[in-house]
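Structure file model-v3.cif; described as mmCIF, C-alpha atoms and all ligand atoms.
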data_my_file
#
loop_
_atom_site.label_atom_id
_atom_site.label_comp_id
_atom_site.auth_asym_id
_atom_site.auth_seq_id
_atom_site.Cartn_x
_atom_site.Cartn_y
_atom_site.Cartn_z
CA MET A 1 20.63 24.48 -1.59
CA THR A 2 19.17 23.48 -4.95
CA GLN A 3 15.65 24.45 -5.97
CA GLN A 4 14.48 20.87 -5.34
CA ASP A 5 15.95 20.80 -1.86
CA SER A 6 14.22 24.03 -0.93
CA ASP A 7 10.90 22.64 -2.23
CA ARG A 8 11.39 19.58 -0.06
CA ALA A 9 12.13 21.73 2.97
CA LYS A 10 8.87 23.63 2.49
CA LEU A 11 6.95 20.36 2.27
CA GLY A 12 7.99 19.29 5.77
CA THR A 13 6.52 15.86 6.43
CA LEU A 14 4.33 15.96 3.32
CA THR A 15 5.47 13.96 0.34
CA ARG A 16 5.05 14.70 -3.31
CA ARG A 17 2.15 12.25 -3.68
CA THR A 18 0.30 13.57 -0.64
CA VAL A 19 0.56 17.11 -2.00
CA GLN A 20 -0.80 15.86 -5.33
CA PHE A 21 -3.66 14.23 -3.47
CA LEU A 22 -4.36 17.39 -1.45
CA GLY A 23 -4.37 19.24 -4.77
CA LYS A 24 -7.22 16.97 -5.90
CA LEU A 25 -9.11 17.54 -2.66
CA ALA A 26 -8.64 21.31 -2.89
CA LYS A 27 -10.35 21.24 -6.28
CA GLY A 28 -13.17 18.97 -5.08
CA ILE A 29 -12.23 16.21 -7.50
CA LYS A 30 -13.54 12.64 -7.04
CA GLY A 31 -12.36 9.41 -8.62
CA VAL A 32 -10.24 6.40 -7.79
CA VAL A 33 -8.71 6.75 -4.35
CA ASN A 34 -5.46 5.32 -3.00
CA MET A 35 -6.04 4.66 0.70
CA GLU A 36 -2.32 4.46 1.42
CA ILE A 37 -1.93 8.05 0.25
CA VAL A 38 -5.05 9.05 2.19
CA LYS A 39 -3.46 7.68 5.35
CA GLU A 40 -0.26 9.62 4.73
CA ALA A 41 -2.05 12.84 3.84
CA PHE A 42 -4.55 12.75 6.70
CA ALA A 43 -1.83 12.04 9.27
CA ASP A 44 -0.73 15.65 8.80
CA LEU A 45 -4.18 17.17 9.14
CA GLU A 46 -5.43 18.27 12.51
CA GLY A 47 -8.26 16.20 13.93
CA TRP A 48 -8.30 13.58 11.18
CA THR A 49 -7.23 9.98 11.74
CA VAL A 50 -7.25 6.92 9.53
CA THR A 51 -7.09 3.53 11.25
CA ASP A 52 -6.64 0.08 9.71
CA THR A 53 -9.73 -1.96 10.55
CA SER A 54 -11.84 -4.66 8.93
CA MET A 55 -15.47 -5.35 8.15
CA PRO A 56 -17.82 -7.99 6.71
CA PHE A 57 -18.40 -7.96 2.96
CA ALA A 58 -21.51 -9.63 1.48
CA ILE A 59 -20.82 -12.28 -1.18
CA THR A 60 -22.73 -11.53 -4.36
CA SER A 61 -21.40 -13.86 -7.05
CA SER A 62 -20.69 -17.50 -7.67
CA ASP A 63 -16.98 -16.80 -8.16
CA GLN A 64 -16.80 -15.03 -4.81
CA MET A 65 -18.15 -18.25 -3.26
CA LYS A 66 -14.72 -19.79 -3.75
CA LEU A 67 -13.87 -18.11 -0.46
CA PHE A 68 -16.32 -20.65 1.01
CA ASP A 69 -14.97 -23.69 -0.83
CA GLY A 70 -14.30 -27.07 0.72
CA PHE A 71 -17.93 -28.11 0.79
CA GLY A 72 -19.81 -30.11 -1.80
CA GLU A 73 -18.64 -31.71 -5.02
CA TYR A 74 -19.61 -28.44 -6.62
CA ARG A 75 -21.32 -25.23 -5.64
CA ILE A 76 -23.69 -23.02 -7.54
CA TRP A 77 -25.51 -19.74 -7.20
CA GLY A 78 -28.93 -21.28 -7.31
CA TYR A 79 -32.57 -20.65 -6.71
CA SER A 80 -35.03 -22.27 -4.37
CA GLY A 81 -38.38 -21.14 -5.67
CA ALA A 82 -37.86 -17.49 -6.43
CA LYS A 83 -35.33 -17.06 -3.63
CA GLU A 84 -31.65 -16.68 -4.43
CA GLU A 85 -29.55 -19.28 -2.71
CA LYS A 86 -25.97 -20.50 -2.55
CA GLN A 87 -26.03 -24.29 -2.95
CA TYR A 88 -23.61 -27.11 -2.26
CA TRP A 89 -24.21 -30.36 -4.18
CA TYR A 90 -23.36 -33.97 -3.25
CA GLU A 91 -23.64 -37.45 -4.73
CA THR A 92 -25.39 -39.05 -1.78
CA GLN A 93 -27.58 -38.04 1.13
CA ALA A 94 -24.98 -39.20 3.66
CA LYS A 95 -22.30 -37.03 2.07
CA ALA A 96 -24.65 -34.07 1.96
CA GLU A 97 -25.61 -34.46 5.64
CA LYS A 98 -21.93 -34.62 6.56
CA GLY A 99 -21.15 -31.64 4.37
CA LEU A 100 -23.87 -29.58 6.01
CA GLU A 101 -22.58 -30.53 9.45
CA ALA A 102 -19.06 -29.44 8.51
CA PHE A 103 -20.38 -26.21 7.01
CA GLU A 104 -22.30 -25.34 10.17
CA ARG A 105 -19.25 -26.17 12.27
CA GLU A 106 -16.73 -24.11 10.28
CA ILE A 107 -18.77 -21.11 9.25
CA THR A 108 -20.33 -18.85 11.87
CA HIS A 109 -24.10 -18.47 11.85
CA VAL A 110 -25.45 -14.90 12.05
CA GLY A 111 -28.76 -13.03 11.68
CA LYS A 112 -30.35 -11.90 8.46
CA SER A 113 -28.52 -8.58 8.30
CA GLY A 114 -25.08 -10.21 8.63
CA PRO A 115 -22.37 -9.84 11.28
CA SER A 116 -21.76 -6.43 12.86
CA SER A 117 -17.99 -6.84 12.57
CA ALA A 118 -15.50 -9.28 11.06
CA LYS A 119 -11.76 -9.80 11.06
CA PRO A 120 -10.10 -10.33 7.66
CA GLY A 121 -10.81 -13.88 6.51
CA ASP A 122 -13.69 -14.50 8.94
CA ARG A 123 -16.62 -16.32 7.35
CA PHE A 124 -20.33 -16.06 8.20
CA TYR A 125 -23.63 -17.40 6.88
CA HIS A 126 -27.30 -16.85 7.49
CA MET A 127 -29.76 -19.81 7.49
CA THR A 128 -29.25 -23.12 5.84
CA ARG A 129 -31.93 -25.10 4.13
CA ALA A 130 -31.77 -28.75 5.11
CA VAL A 131 -30.49 -31.40 2.70
CA GLU A 132 -32.85 -32.03 -0.18
CA LEU A 133 -33.03 -34.52 -3.01
CA GLN A 134 -33.19 -33.65 -6.67
CA VAL A 135 -34.12 -36.64 -8.83
CA SER A 136 -33.94 -35.59 -12.45
CA PRO A 137 -31.94 -36.45 -14.50
CA VAL A 138 -29.71 -38.07 -11.86
CA GLU A 139 -30.07 -38.32 -8.13
CA ARG A 140 -28.23 -35.50 -6.38
CA TRP A 141 -28.45 -34.04 -2.88
CA HIS A 142 -27.85 -30.46 -1.87
CA PHE A 143 -28.25 -27.88 0.86
CA GLY A 144 -28.50 -24.12 0.49
CA VAL A 145 -27.58 -21.02 2.48
CA THR A 146 -29.22 -17.63 2.04
CA GLY A 147 -26.43 -15.22 3.01
CA LEU A 148 -22.62 -15.32 3.05
CA TRP A 149 -20.20 -12.70 4.39
CA TYR A 150 -16.42 -12.56 4.28
CA GLY A 151 -14.21 -10.35 6.47
CA VAL A 152 -12.12 -7.86 4.46
CA PRO A 153 -9.53 -5.26 5.52
CA ALA A 154 -10.92 -1.75 5.79
CA TRP A 155 -10.02 1.79 6.81
CA THR A 156 -11.92 3.75 9.42
CA ILE A 157 -11.71 7.50 9.03
CA LEU A 158 -12.48 9.82 11.93
CA SER A 159 -13.23 13.47 11.13
CA PRO A 160 -12.53 16.44 13.46
CA ASP A 161 -16.28 16.58 14.22
CA GLY A 162 -16.23 12.99 15.41
CA ASP A 163 -17.95 11.52 12.34
CA THR A 164 -16.64 8.16 11.22
CA ILE A 165 -16.86 6.03 8.13
CA THR A 166 -15.41 2.62 7.35
CA ILE A 167 -14.30 2.02 3.77
CA PRO A 168 -13.83 -1.68 2.89
CA GLN A 169 -11.18 -3.06 0.60
CA LYS A 170 -13.82 -4.54 -1.68
CA LEU A 171 -13.93 -7.99 -3.28
CA ASP A 172 -14.18 -8.03 -7.05
CA GLU A 173 -16.50 -10.37 -8.97
CA LYS A 174 -13.86 -13.09 -8.89
CA GLY A 175 -13.52 -12.86 -5.12
CA ARG A 176 -10.15 -11.12 -5.16
CA LEU A 177 -9.41 -8.18 -2.87
CA SER A 178 -9.26 -4.86 -4.70
CA LYS A 179 -5.93 -3.06 -4.57
CA PRO A 180 -5.75 -0.38 -1.86
CA SER A 181 -4.43 1.92 -4.58
CA GLU A 182 -7.42 1.49 -6.87
CA LEU A 183 -10.42 1.86 -4.67
CA LYS A 184 -13.65 3.23 -6.11
CA SER A 185 -15.72 4.62 -3.30
CA GLY A 186 -18.35 7.31 -3.70
CA ALA A 187 -18.91 7.08 0.07
CA PHE A 188 -15.32 8.15 0.74
CA TRP A 189 -15.58 11.35 -1.29
CA LYS A 190 -19.00 12.20 0.12
CA PHE A 191 -17.68 11.76 3.65
CA VAL A 192 -14.54 13.87 3.28
CA TYR A 193 -16.24 16.67 1.39
CA THR A 194 -19.23 16.96 3.73
CA ASN A 195 -16.68 17.12 6.55
CA GLY A 196 -14.97 20.21 5.12
CA MET A 197 -11.99 18.51 3.47
CA GLN A 198 -11.92 20.84 0.46
CA LYS A 199 -11.26 23.93 2.61
CA GLU A 200 -8.87 22.02 4.82
CA ALA A 201 -6.79 20.94 1.81
CA GLN A 202 -6.82 24.49 0.40
CA LYS A 203 -5.53 25.76 3.76
CA VAL A 204 -2.62 23.30 3.83
CA LEU A 205 -1.68 24.06 0.24
CA ALA A 206 -1.90 27.83 0.84
CA GLY A 207 0.62 27.33 3.63
CA LEU A 208 3.03 25.74 1.17
CA GLY A 209 2.79 28.58 -1.32
CA HIS A 210 1.45 28.61 -4.86
CA GLU A 211 4.72 28.15 -6.64
CA THR A 212 5.71 25.03 -4.77
CA VAL A 213 2.26 23.49 -5.09
CA ASP A 214 1.91 24.26 -8.80
CA LYS A 215 5.21 22.64 -9.51
CA ILE A 216 4.26 19.47 -7.68
CA VAL A 217 0.63 19.17 -8.67
CA ARG A 218 1.33 19.72 -12.32
CA PRO A 219 3.18 16.85 -13.99
CA THR A 220 6.84 17.82 -14.31
CA GLN A 221 7.28 16.67 -17.87
CA VAL A 222 4.68 16.59 -20.57
CA ARG A 223 5.51 13.72 -22.87
CA ASP A 224 6.51 14.83 -26.32
CA LEU A 225 4.17 13.95 -29.18
CA GLN A 226 7.26 13.00 -31.17
CA ASP A 227 7.67 9.81 -29.13
CA THR A 228 4.19 9.17 -27.77
CA GLY A 229 0.57 9.62 -28.68
CA THR A 230 -2.94 8.61 -27.66
CA CYS A 231 -3.96 5.14 -28.83
CA PRO A 232 -7.14 5.56 -30.93
CA VAL A 233 -8.63 2.42 -29.36
CA CYS A 234 -7.79 2.30 -25.65
CA PHE A 235 -7.06 6.04 -25.40
CA ARG A 236 -3.98 5.60 -23.32
CA ASN A 237 -0.78 7.51 -23.96
CA VAL A 238 1.56 5.01 -25.61
CA LYS A 239 4.84 4.96 -27.48
CA LEU A 240 5.11 5.66 -31.19
CA LYS A 241 7.31 4.00 -33.78
CA SER A 242 7.72 6.08 -36.93
CA ASP A 243 4.51 8.01 -36.23
CA ARG A 244 2.46 4.88 -35.58
CA ILE A 245 1.13 3.44 -32.34
CA MET A 246 3.45 0.71 -31.12
CA ARG A 247 2.17 -2.71 -30.08
CA HIS A 248 0.92 -2.56 -26.48
CA GLY A 249 -1.26 -4.64 -24.22
CA TRP A 250 -4.94 -4.15 -23.76
CA LYS A 251 -5.51 -3.15 -20.19
CA VAL A 252 -8.81 -3.34 -18.40
CA GLN A 253 -9.22 0.10 -16.98
CA GLY A 254 -11.50 3.05 -16.56
CA ARG A 255 -14.68 3.13 -18.58
CA ARG A 256 -13.94 -0.12 -20.36
CA SER A 257 -13.79 -2.34 -17.33
CA GLN A 258 -17.50 -2.04 -16.73
CA GLY A 259 -19.44 -5.03 -17.94
CA MET A 260 -16.75 -6.11 -20.38
CA TYR A 261 -15.32 -8.61 -17.99
CA GLY A 262 -14.56 -12.03 -19.36
CA GLN A 263 -14.43 -11.14 -23.02
CA THR A 264 -11.51 -12.62 -24.87
CA TRP A 265 -10.46 -9.48 -26.70
CA HIS A 266 -9.72 -7.95 -23.32
CA THR A 267 -6.37 -9.64 -23.18
CA GLY A 268 -3.47 -9.61 -25.58
CA PRO A 269 -2.37 -6.76 -27.79
CA CYS A 270 -4.52 -3.70 -28.30
CA PHE A 271 -6.22 -3.27 -31.69
CA GLY A 272 -4.84 0.28 -31.89
CA ALA A 273 -1.29 -0.85 -32.79
CA GLY A 274 -0.13 0.34 -36.23
CA PHE A 275 -2.56 3.25 -36.44
CA LYS A 276 -1.72 6.94 -36.24
CA PRO A 277 -2.27 8.43 -32.78
CA PHE A 278 -5.71 9.93 -32.13
CA GLU A 279 -4.21 13.43 -32.00
CA ILE A 280 -3.30 13.03 -35.67
CA SER A 281 -6.14 10.90 -37.02
CA PRO A 282 -9.38 9.20 -35.88
CA GLU A 283 -8.87 6.37 -38.44
CA GLY A 284 -7.97 3.81 -35.77
CA THR A 285 -11.13 4.55 -33.81
CA LYS A 286 -13.24 4.27 -36.98
CA SER A 287 -11.66 0.96 -37.85
CA TYR A 288 -12.16 -0.38 -34.31
CA LEU A 289 -15.80 0.66 -34.51
CA SER A 290 -16.48 -1.03 -37.87
CA LYS A 291 -14.19 -4.07 -37.62
CA VAL A 292 -14.47 -4.96 -33.95
CA LEU A 293 -17.31 -3.33 -32.02
CA THR A 294 -20.07 -3.45 -34.62
CA PRO A 295 -19.57 -7.11 -35.65
CA MET A 296 -19.31 -8.02 -32.00
CA LEU A 297 -22.60 -6.30 -31.22
CA LEU A 298 -24.29 -8.09 -34.14
CA SER A 299 -23.00 -11.45 -32.99
CA ARG A 300 -24.09 -10.82 -29.40
CA GLU A 301 -27.56 -9.77 -30.57
CA ALA A 302 -27.80 -12.93 -32.69
CA ARG A 303 -26.80 -14.98 -29.66
CA LEU A 304 -29.52 -13.33 -27.58
CA LYS A 305 -32.11 -14.36 -30.19
CA GLU A 306 -30.81 -17.94 -30.12
CA LEU A 307 -31.06 -18.04 -26.33
CA ALA A 308 -34.61 -16.68 -26.45
CA LYS A 309 -35.58 -19.75 -28.53
CA ARG A 310 -34.29 -22.18 -25.85
CA PRO A 311 -31.49 -23.86 -27.83
CA ALA A 312 -31.35 -27.67 -27.97
CA THR A 313 -28.03 -27.66 -26.13
CA LEU A 314 -26.34 -25.22 -23.78
CA ARG A 315 -22.66 -25.14 -22.83
CA VAL A 316 -22.43 -24.55 -19.08
CA THR A 317 -19.88 -24.81 -16.31
CA ILE A 318 -21.54 -26.54 -13.37
CA ARG A 319 -18.41 -27.98 -11.87
CA PRO A 320 -15.39 -25.70 -11.69
CA ARG A 321 -13.35 -25.64 -14.93
CA LYS A 322 -15.49 -28.26 -16.66
CA VAL A 323 -17.62 -27.22 -19.60
CA GLU A 324 -20.60 -29.49 -20.19
CA GLU A 325 -23.19 -29.54 -22.93
CA ILE A 326 -26.64 -29.91 -21.41
CA THR A 327 -30.12 -30.34 -22.89
CA PRO A 328 -33.40 -28.73 -21.72
CA ASP A 329 -34.24 -31.75 -19.52
CA HIS A 330 -31.17 -31.08 -17.35
CA PRO A 331 -31.95 -29.53 -13.92
CA PHE A 332 -29.51 -26.67 -14.54
CA TYR A 333 -30.78 -25.82 -18.02
CA ASP A 334 -33.21 -23.08 -16.96
CA GLN A 335 -30.77 -21.46 -14.61
CA GLY A 336 -27.93 -21.69 -17.13
CA LEU A 337 -30.14 -20.19 -19.80
CA ARG A 338 -31.12 -17.33 -17.49
CA LEU A 339 -27.51 -16.59 -16.50
CA GLN A 340 -26.25 -16.70 -20.08
CA THR A 341 -29.06 -14.44 -21.21
CA GLN A 342 -28.20 -11.92 -18.49
CA GLN A 343 -24.51 -12.07 -19.42
CA VAL A 344 -25.21 -11.47 -23.12
CA GLU A 345 -27.56 -8.61 -22.23
CA ARG A 346 -24.83 -7.02 -20.13
CA GLU A 347 -22.33 -7.41 -22.97
CA ILE A 348 -24.75 -5.80 -25.42
CA GLN A 349 -25.31 -2.85 -23.11
CA SER A 350 -21.62 -2.44 -22.58
CA LEU A 351 -20.86 -2.67 -26.32
CA LYS A 352 -23.54 -0.08 -27.04
CA ARG A 353 -21.98 2.27 -24.50
CA GLU A 354 -18.57 1.78 -26.05
CA ILE A 355 -19.92 2.29 -29.58
CA GLU A 356 -21.58 5.54 -28.47
CA ASP A 357 -18.34 6.65 -26.88
CA CYS A 358 -16.29 5.93 -30.01
CA LYS A 359 -18.86 7.65 -32.24
CA SER A 360 -18.81 10.79 -30.12
CA ARG A 361 -15.01 10.83 -30.08
CA ILE A 362 -14.97 10.52 -33.89
CA GLN A 363 -17.60 13.24 -34.23
CA ASN A 364 -15.78 15.66 -31.94
CA TRP A 365 -12.36 14.88 -33.37
CA LYS A 366 -10.14 17.84 -34.15
CA ILE A 367 -6.49 17.78 -35.06
CA LYS A 368 -4.44 18.66 -31.99
CA PRO A 369 -1.33 20.73 -32.56
CA SER A 370 1.72 19.36 -30.84
CA GLY A 371 3.11 21.24 -27.87
CA ARG A 372 -0.34 21.55 -26.20
ZN ZN B 401 -4.46 0.82 -27.28
#
I need this file expressed as structure tokens, please.
Amino acid sequence: MTQQDSDRAKLGTLTRRTVQFLGKLAKGIKGVVNMEIVKEAFADLEGWTVTDTSMPFAITSSDQMKLFDGFGEYRIWGYSGAKEEKQYWYETQAKAEKGLEAFEREITHVGKSGPSSAKPGDRFYHMTRAVELQVSPVERWHFGVTGLWYGVPAWTILSPDGDTITIPQKLDEKGRLSKPSELKSGAFWKFVYTNGMQKEAQKVLAGLGHETVDKIVRPTQVRDLQDTGTCPVCFRNVKLKSDRIMRHGWKVQGRRSQGMYGQTWHTGPCFGAGFKPFEISPEGTKSYLSKVLTPMLLSREARLKELAKRPATLRVTIRPRKVEEITPDHPFYDQGLRLQTQQVEREIQSLKREIEDCKSRIQNWKIKPSGR
């Protein structure tokens, strides 16, 4: 029997990835959770069960509304007075009346707090406002709904004490289901830890023996600095070509995903290519700070000032995929201005966070000897 075979024998029904996960739990670590691994790991623990279920998820953005498409010539996340509303717009009153009828027929009406349960793909709404006319600058009819919910897959976890929690597979801002392997859920960690999961995981791992666990929990091979290094811009471990960071894609992940969504420099190659790895030099980070982040912050701040002065024209997308230039007398101008202002404010905040992060990394930089 080889060493690997004997390790496998000791693991029994546990797999390498479930042991790694239990290792996290034993240390009380939180973070991104892979529900498929949770299911595997919990299947071996006494008293714990994970069941595939589903639940309603409240729609919170205009892009998520595409799950409720098929009504109106276009839809917007609008306002009626101060109240937030999802609106469907039509050319004529007759079309709007028909659209409302179809909407009420196809989508299930529920109370203010939403449905108590939902199968994946089920659609619900709360309240519709009757068809109304808007006259300026052109005649348009619309109706509005106050709440929308969409059924998403979920996992229900039952603890040995009989406590349960249901963790949804969330919808992202664009209305796409999150991957089961990349779930962010503070509720999950709170639930498992308050239900004694840390001790439970330690018990299972103790049964396997330190040596076996250490070998599995620790990565088997540490990449050699000769071939790879940390990109000074995205801080991922990437390949080197004659001591320089090789061209690699910019990936939305970790701290950078927050608020940076939709910015063009998020796709394509990473700015860190061609620099020395961060272990060797912080030059790449400095350059990114001065050549990318700082000018971008200045330009965003200038844009915010422009928006504050109510520009003579505003480029907006009222109908899907169609950019229009509108003037302040357009009925969507105020809303468009508000949304764009909020977006730029978010970008500024996010850039400031990233600038702070880069500055602190530069300040705390120390040369790292290879070998670690
Ligand atoms: Zn990079």
Against ligand ZN 401 (chain B), which residues of chain A fall within 6 Å? For each one I want the closest pair of atoms and the distance in Å (one decimal), counting all atoms listed in the file, rows by chain and increasing residue number, as CSV.
residue,atom,partner,partner_atom,distance
A:Cys231,CA,B:ZN401,ZN,4.6
A:Val233,CA,B:ZN401,ZN,4.9
A:Cys234,CA,B:ZN401,ZN,4.0
A:Cys270,CA,B:ZN401,ZN,4.6
A:Gly272,CA,B:ZN401,ZN,4.7
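Residue nearest Pro311 in chain A within the list A:Val292, A:Leu337, A:Leu205, A:Val50: A:Leu337 [criterion: smallest interatomic distance, only C-alpha atoms].
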To test the calculation: enclose all listed atoms of range 322-327 of chain A in a box whose edges run along x, y and z, add 3 Å on each side, then state centre and edge lengths in Å to one decimal, as JSON.
{"center_x": -22.8, "center_y": -28.8, "center_z": -19.8, "size_x": 20.6, "size_y": 9.1, "size_z": 12.3}
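You will find CA of Tyr88 in chain A at 5.4 Å from CA of His142 in chain A.
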Restrict the calculation to all atoms listed in the file, then for each residue of range 39-119 of chain A with any atom at most 7 Å from an atom of range 149-161 of chain A give the closest atom pair and their distance in Å to one decimal, rows by chain and rising residue number, as CSV.
residue,atom,partner,partner_atom,distance
A:Gly47,CA,A:Pro160,CA,4.3
A:Trp48,CA,A:Ser159,CA,4.9
A:Thr49,CA,A:Leu158,CA,5.3
A:Val50,CA,A:Ile157,CA,4.5
A:Thr51,CA,A:Thr156,CA,5.2
A:Asp52,CA,A:Trp155,CA,4.8
A:Thr53,CA,A:Ala154,CA,4.9
A:Ser54,CA,A:Pro153,CA,4.2
A:Met55,CA,A:Gly151,CA,5.4
A:Pro56,CA,A:Gly151,CA,4.3
A:Phe57,CA,A:Tyr150,CA,5.2
A:Ala58,CA,A:Trp149,CA,4.4
A:Ile59,CA,A:Trp149,CA,5.6
A:Gly114,CA,A:Trp149,CA,6.9
A:Ala118,CA,A:Gly151,CA,4.9
A:Lys119,CA,A:Gly151,CA,5.2
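CA of Ser178 in chain A lies 26.0 Å from CA of Asp44 in chain A.
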Residue among A:Leu339, A:Leu100, A:Ile318, A:Ile280 lying closest to Ile367 in chain A, counting only C-alpha atoms: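 For Ile367 in chain A, the nearest of the given residues is A:Ile280.
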Go through range 340-366 of chain A residue by residue and, counting all atoms listed in the file, keep those with an atom at most 8 Å from range 296-301 of chain A; for each kept residue give the shortest atom pair and its distance in Å to one decimal, ordered by chain and increasing number, as JSON lines.
{"residue": "A:Val344", "atom": "CA", "partner": "A:Arg300", "partner_atom": "CA", "distance": 6.4}
{"residue": "A:Glu347", "atom": "CA", "partner": "A:Arg300", "partner_atom": "CA", "distance": 7.5}
{"residue": "A:Ile348", "atom": "CA", "partner": "A:Leu297", "partner_atom": "CA", "distance": 6.2}
{"residue": "A:Leu351", "atom": "CA", "partner": "A:Leu297", "partner_atom": "CA", "distance": 6.3}
{"residue": "A:Lys352", "atom": "CA", "partner": "A:Leu297", "partner_atom": "CA", "distance": 7.6}
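If you look at CA of Glu182 in chain A and CA of Ile37 in chain A, they are 11.1 Å away from each other.
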Who sits within 10 Å of Lys98 in chain A, only C-alpha atoms, same chain under 6 positions skipped, as a PyMOL selection string: chain A and resi 71-72+90+104+131
Within 12 Å of file point (-14.4, -2.1, -2.6), counting all atoms listed in the file, expressed as a ChimeraX atom specification: /A:32-35,55-58,152-155,166-173,175-188
Save out the residues we just selected, C-alpha atoms, as a compact mmCIF listing (two decimals), keeping the file's coordinate frame.
# COMPACT_ATOMS: atom_id res chain seq x y z
CA VAL A 32 -10.24 6.40 -7.79
CA VAL A 33 -8.71 6.75 -4.35
CA ASN A 34 -5.46 5.32 -3.00
CA MET A 35 -6.04 4.66 0.70
CA MET A 55 -15.47 -5.35 8.15
CA PRO A 56 -17.82 -7.99 6.71
CA PHE A 57 -18.40 -7.96 2.96
CA ALA A 58 -21.51 -9.63 1.48
CA VAL A 152 -12.12 -7.86 4.46
CA PRO A 153 -9.53 -5.26 5.52
CA ALA A 154 -10.92 -1.75 5.79
CA TRP A 155 -10.02 1.79 6.81
CA THR A 166 -15.41 2.62 7.35
CA ILE A 167 -14.30 2.02 3.77
CA PRO A 168 -13.83 -1.68 2.89
CA GLN A 169 -11.18 -3.06 0.60
CA LYS A 170 -13.82 -4.54 -1.68
CA LEU A 171 -13.93 -7.99 -3.28
CA ASP A 172 -14.18 -8.03 -7.05
CA GLU A 173 -16.50 -10.37 -8.97
CA GLY A 175 -13.52 -12.86 -5.12
CA ARG A 176 -10.15 -11.12 -5.16
CA LEU A 177 -9.41 -8.18 -2.87
CA SER A 178 -9.26 -4.86 -4.70
CA LYS A 179 -5.93 -3.06 -4.57
CA PRO A 180 -5.75 -0.38 -1.86
CA SER A 181 -4.43 1.92 -4.58
CA GLU A 182 -7.42 1.49 -6.87
CA LEU A 183 -10.42 1.86 -4.67
CA LYS A 184 -13.65 3.23 -6.11
CA SER A 185 -15.72 4.62 -3.30
CA GLY A 186 -18.35 7.31 -3.70
CA ALA A 187 -18.91 7.08 0.07
CA PHE A 188 -15.32 8.15 0.74
Once you count only C-alpha atoms, which residues end up no further than 9 Å from (-1.5, 12.4, 4.0) in the file's frame, shown as a compact mmCIF listing (two decimals) with C-alpha atoms, in the frame of the given file?
# COMPACT_ATOMS: atom_id res chain seq x y z
CA LEU A 14 4.33 15.96 3.32
CA THR A 15 5.47 13.96 0.34
CA ARG A 17 2.15 12.25 -3.68
CA THR A 18 0.30 13.57 -0.64
CA VAL A 19 0.56 17.11 -2.00
CA PHE A 21 -3.66 14.23 -3.47
CA LEU A 22 -4.36 17.39 -1.45
CA GLU A 36 -2.32 4.46 1.42
CA ILE A 37 -1.93 8.05 0.25
CA VAL A 38 -5.05 9.05 2.19
CA LYS A 39 -3.46 7.68 5.35
CA GLU A 40 -0.26 9.62 4.73
CA ALA A 41 -2.05 12.84 3.84
CA PHE A 42 -4.55 12.75 6.70
CA ALA A 43 -1.83 12.04 9.27
CA ASP A 44 -0.73 15.65 8.80
CA LEU A 45 -4.18 17.17 9.14
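For Val316 in chain A, the residues within 12 Å (counting only C-alpha atoms, excluding itself and residues fewer than 5 positions away along the chain) are Ile76, Arg321, Lys322, Val323, Glu324, Glu325, Ile326, Thr327, His330, Pro331, Phe332, Tyr333, Asp334, Gln335, Gly336, Leu337, Arg338, Leu339 and Gln340 of chain A.
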Nearest residue to Gly144 in chain A from the set A:Trp89, A:Tyr193, A:Lys174, A:Thr108 (distances using all atoms listed in the file): A:Trp89
Missing atoms of range 232-241 of chain A rebuilt to N, CA and C atoms, written as an mmCIF file, in the coordinates of the input:
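Now in selection37.cif:
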data_model
loop_
_atom_site.group_PDB
_atom_site.id
_atom_site.type_symbol
_atom_site.label_atom_id
_atom_site.label_comp_id
_atom_site.auth_asym_id
_atom_site.auth_seq_id
_atom_site.Cartn_x
_atom_site.Cartn_y
_atom_site.Cartn_z
ATOM 1 N N PRO A 232 -5.777 5.244 -30.505
ATOM 2 C CA PRO A 232 -7.140 5.560 -30.930
ATOM 3 C C PRO A 232 -8.165 4.508 -30.486
ATOM 4 N N VAL A 233 -7.712 3.476 -29.795
ATOM 5 C CA VAL A 233 -8.630 2.420 -29.360
ATOM 6 C C VAL A 233 -8.784 2.399 -27.837
ATOM 7 N N CYS A 234 -7.664 2.346 -27.117
ATOM 8 C CA CYS A 234 -7.790 2.300 -25.650
ATOM 9 C C CYS A 234 -7.590 3.679 -25.017
ATOM 10 N N PHE A 235 -7.209 4.657 -25.827
ATOM 11 C CA PHE A 235 -7.060 6.040 -25.400
ATOM 12 C C PHE A 235 -6.066 6.245 -24.268
ATOM 13 N N ARG A 236 -5.075 5.374 -24.246
ATOM 14 C CA ARG A 236 -3.980 5.600 -23.320
ATOM 15 C C ARG A 236 -2.842 6.248 -24.083
ATOM 16 N N ASN A 237 -1.951 6.909 -23.352
ATOM 17 C CA ASN A 237 -0.780 7.510 -23.960
ATOM 18 C C ASN A 237 0.273 6.420 -24.129
ATOM 19 N N VAL A 238 0.603 6.089 -25.369
ATOM 20 C CA VAL A 238 1.560 5.010 -25.610
ATOM 21 C C VAL A 238 2.674 5.452 -26.554
ATOM 22 N N LYS A 239 3.678 4.618 -26.660
ATOM 23 C CA LYS A 239 4.840 4.960 -27.480
ATOM 24 C C LYS A 239 4.542 4.868 -28.974
ATOM 25 N N LEU A 240 5.258 5.684 -29.730
ATOM 26 C CA LEU A 240 5.110 5.660 -31.190
ATOM 27 C C LEU A 240 6.370 5.088 -31.815
ATOM 28 N N LYS A 241 6.163 4.460 -33.005
ATOM 29 C CA LYS A 241 7.310 4.000 -33.780
ATOM 30 C C LYS A 241 7.054 4.491 -35.196
#
